[in-house]
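I have placed the structure first, in the form of structure tokens, so that the comments after it can refer back to it.
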Amino acid sequence: MSQAAAPAMRVYVACPFPAPVLDLFVQRFGAAHNGTGRVLDNDALIAAAQGMDALVITVTNRIDGGLAAALPASVKALCTYSVGTDHLDLDALRAKGIAVFSTPDVLNESCADTAMLLMLGAARRVIEGIGLIRQGTWTGWSPLQLIGHDVWGKRLGILGMGRIGRAIARRARGFGMQVHYHNRSRLAPDAEVGAHYHESLESLAGHSDFLCIACPANASTRGIVNAGILARLPAHAIVCNVARGDVIRDEDLVQALRSGAIAAAGLDVYAGEPDIHPAYRELPNVFGLPHIGSSTIDTRIAMGEILCSGLEAWSRGSRPANQLC
Ligand code: DGY
């Protein structure tokens, strides 16, 4: 039996998209879009949303209670082009009767690749190595040159064993790492993929050579990687973050990196992006990337696809798996 056509919906894409992603929304919904190449400020977003049924935004559009209230009454659906939702006041959107969709699952593997990249890049002092090549200051091979740390055979502590955390765990096992994790609740044994559960973050830190953050940012995780946790790590430890910057207390991490209390950090996300802590730009033991965890064309297209399919299913009266409220 052929599926009923979804009722026509007026969709506005507020964020800049790669052409194949924009095409999905234009072909499926005849979507209008923000052609400026920039993120719209709140006033421009409200103006563009007039008469629209659905908006497509991303993490750089913070929809707090005030902005949710100011959205035109026509808006009944909001798609965030992200798996993270810490930029959204979900309660306010729910109260206004706006259905919210996100992009779970489709970016797990590319984010987990990025976590491995951070671990390897920080452990093998890639920033300093690239500096020698780019600046022409390499004086030749030496047994003393850029001595880093092995990744293989080390203990990896994963904070947040959701879908991305588990994808990191699978890769880490391929690198011969012993995987430990802390999560708000213990996983079922078959989902643990051999990882050792710790009831507390303190215990996890005490058993980690690499601490990789993969949990969402919310009231119970903001600032939890603090001086007390960092002090439990060994001096050769490396902290990596593919989740959200505000899970880490920047001042505490910077102090640990400066003092040699830990060896290095690999960071893809930062509190207050793009205005990052200045030490992250300067410290040689910070391998920093500009929030590119899910930034592959394959994943970008998959993120667009899941939002389009979710919107279509919702408009036909179903509740798709990526609908949050
Ligand atoms: C996410 O999906 O939450 C990424 O961090 C940004 O797209």
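Residue numbers start at 1 in each chain; chains themselves are named A, B, ... in the order of the structure tokens; ligands are numbered from 1 in the order shown.
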
Can you pull out every residue with an atom within 8 Å of ligand 1? Use only C-alpha atoms and all ligand atoms and format it as a PDB file with N, CA and C atoms, in the first residue's frame.
ATOM      1  N   THR A  58      20.130  25.197  14.517  1.00  0.00           N
ATOM      2  CA  THR A  58      21.188  24.345  15.055  1.00  0.00           C
ATOM      3  C   THR A  58      21.712  24.905  16.375  1.00  0.00           C
ATOM      4  N   VAL A  59      22.817  24.352  16.866  1.00  0.00           N
ATOM      5  CA  VAL A  59      23.250  24.654  18.233  1.00  0.00           C
ATOM      6  C   VAL A  59      23.585  26.126  18.457  1.00  0.00           C
ATOM      7  N   TYR A  81      19.380  20.736  14.173  1.00  0.00           N
ATOM      8  CA  TYR A  81      20.360  19.980  13.385  1.00  0.00           C
ATOM      9  C   TYR A  81      21.522  19.642  14.312  1.00  0.00           C
ATOM     10  N   SER A  82      21.244  18.808  15.316  1.00  0.00           N
ATOM     11  CA  SER A  82      22.232  18.431  16.330  1.00  0.00           C
ATOM     12  C   SER A  82      21.621  17.302  17.149  1.00  0.00           C
ATOM     13  N   VAL A  83      22.497  16.563  17.813  1.00  0.00           N
ATOM     14  CA  VAL A  83      21.976  15.607  18.794  1.00  0.00           C
ATOM     15  C   VAL A  83      21.866  16.280  20.152  1.00  0.00           C
ATOM     16  N   GLY A  84      22.755  17.235  20.434  1.00  0.00           N
ATOM     17  CA  GLY A  84      22.695  17.962  21.702  1.00  0.00           C
ATOM     18  C   GLY A  84      21.507  18.903  21.705  1.00  0.00           C
ATOM     19  N   THR A  85      20.907  19.065  22.885  1.00  0.00           N
ATOM     20  CA  THR A  85      19.734  19.953  22.974  1.00  0.00           C
ATOM     21  C   THR A  85      19.899  20.974  24.103  1.00  0.00           C
ATOM     22  N   THR A 103      18.791  14.896  16.002  1.00  0.00           N
ATOM     23  CA  THR A 103      19.464  13.961  15.084  1.00  0.00           C
ATOM     24  C   THR A 103      20.208  12.850  15.837  1.00  0.00           C
ATOM     25  N   PRO A 104      19.510  12.052  16.643  1.00  0.00           N
ATOM     26  CA  PRO A 104      20.218  10.987  17.369  1.00  0.00           C
ATOM     27  C   PRO A 104      20.749   9.912  16.435  1.00  0.00           C
ATOM     28  N   LEU A 107      25.030  10.397  14.024  1.00  0.00           N
ATOM     29  CA  LEU A 107      26.373  10.973  14.144  1.00  0.00           C
ATOM     30  C   LEU A 107      27.260  10.239  15.145  1.00  0.00           C
ATOM     31  N   VAL A 242      34.337  15.327  23.563  1.00  0.00           N
ATOM     32  CA  VAL A 242      33.550  15.443  22.320  1.00  0.00           C
ATOM     33  C   VAL A 242      32.099  15.803  22.633  1.00  0.00           C
ATOM     34  N   ALA A 243      31.821  16.195  23.873  1.00  0.00           N
ATOM     35  CA  ALA A 243      30.427  16.391  24.284  1.00  0.00           C
ATOM     36  C   ALA A 243      30.060  17.877  24.268  1.00  0.00           C
ATOM     37  N   ARG A 244      30.209  18.521  25.406  1.00  0.00           N
ATOM     38  CA  ARG A 244      29.982  19.954  25.505  1.00  0.00           C
ATOM     39  C   ARG A 244      31.028  20.529  26.451  1.00  0.00           C
ATOM     40  N   VAL A 269      35.182  20.626  21.831  1.00  0.00           N
ATOM     41  CA  VAL A 269      34.066  21.479  22.262  1.00  0.00           C
ATOM     42  C   VAL A 269      34.519  22.322  23.452  1.00  0.00           C
ATOM     43  N   HIS A 291      35.051  22.112  17.085  1.00  0.00           N
ATOM     44  CA  HIS A 291      33.720  21.484  17.139  1.00  0.00           C
ATOM     45  C   HIS A 291      33.364  20.857  15.781  1.00  0.00           C
ATOM     46  N   ILE A 292      34.170  19.874  15.392  1.00  0.00           N
ATOM     47  CA  ILE A 292      33.940  19.205  14.096  1.00  0.00           C
ATOM     48  C   ILE A 292      33.544  17.743  14.283  1.00  0.00           C
ATOM     49  N   GLY A 293      33.077  17.397  15.499  1.00  0.00           N
ATOM     50  CA  GLY A 293      32.804  15.989  15.812  1.00  0.00           C
ATOM     51  C   GLY A 293      31.977  15.268  14.764  1.00  0.00           C
ATOM     52  N   SER A 294      30.917  15.899  14.288  1.00  0.00           N
ATOM     53  CA  SER A 294      30.023  15.223  13.337  1.00  0.00           C
ATOM     54  C   SER A 294      30.220  15.747  11.919  1.00  0.00           C
ATOM     55  N   SER A 295      31.320  16.463  11.705  1.00  0.00           N
ATOM     56  CA  SER A 295      31.457  17.214  10.454  1.00  0.00           C
ATOM     57  C   SER A 295      32.077  16.388   9.322  1.00  0.00           C
TER      58      SER A 295
END

Residue set, segment 97-309 of chain A restricted to helix (DSSP H, G or I), as number ranges by chain: A: 108-123, 126-135, 163-174, 189-191, 201-205, 227-230, 245-247, 250-259, 279-282, 297-309

Among segment 54-109 of chain A, which ones does DSSP assign to strand (DSSP E) (computed from the backbone)? Answer as an MDAnalysis selection string. chainID A and resid 54:57 77:80 99:101

Write out as a short mmCIF file (atom, residue, chain, number, x, y, z; two decimals) with C-alpha atoms, in the first residue's frame which residues come within 10 Å of segment 90-96 of chain A when counting only C-alpha atoms, dropping same-chain ones fewer than 3 positions away.
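The file below, part-v3.cif, is the result:
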data_model
loop_
_atom_site.label_atom_id
_atom_site.label_comp_id
_atom_site.auth_asym_id
_atom_site.auth_seq_id
_atom_site.Cartn_x
_atom_site.Cartn_y
_atom_site.Cartn_z
CA ILE A 63 16.05 29.04 22.02
CA ASP A 64 15.47 30.04 25.63
CA GLY A 65 12.06 30.58 27.25
CA GLY A 66 11.84 34.18 25.98
CA LEU A 67 12.59 33.29 22.39
CA ALA A 68 10.28 30.26 22.51
CA ALA A 69 7.47 32.56 23.69
CA LEU A 71 8.08 32.56 18.09
CA ALA A 73 1.97 30.95 16.66
CA VAL A 75 5.39 27.47 14.29
CA LYS A 76 4.39 23.99 15.40
CA ALA A 77 7.66 22.12 14.88
CA LEU A 78 11.32 22.85 15.56
CA THR A 85 19.73 19.95 22.97
CA ASP A 86 21.35 22.07 25.68
CA HIS A 87 20.68 25.18 23.53
CA ALA A 99 7.15 19.50 18.58
CA VAL A 100 10.97 19.20 18.71
CA LEU A 324 11.81 14.82 21.76
CA CYS A 325 8.51 16.45 22.68
#

Polymer residues at most 12 Å from Ala188 of chain A, only C-alpha atoms, same-chain spacing of 4 or more positions, as a list in words: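 Once the nearby chain positions are removed, what remains is Met161, Gly162, Asn183, Glu192, Val193, Gly194, Ala195, His196 and Tyr197 of chain A.
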
Exercise: Gly160 of chain A partners within 8 Å, only C-alpha atoms, chain neighbours under 3 positions left out, as a list of chain:residue names: A:Gly165, A:Tyr181, A:His182, A:Asn183, A:Arg184, A:Ile213, A:Ala214, A:Cys215, A:Pro216

Taking only C-alpha atoms into account, name the residue in A:Pro278, A:Gly223, A:Pro18, A:Gly266 that is nearest to Arg125 of chain A. A:Gly266

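With distances restricted to only C-alpha atoms, A:Arg300 is the closest residue to Val106 of chain A from A:Arg300, A:Arg166, A:Arg62, A:Arg319.
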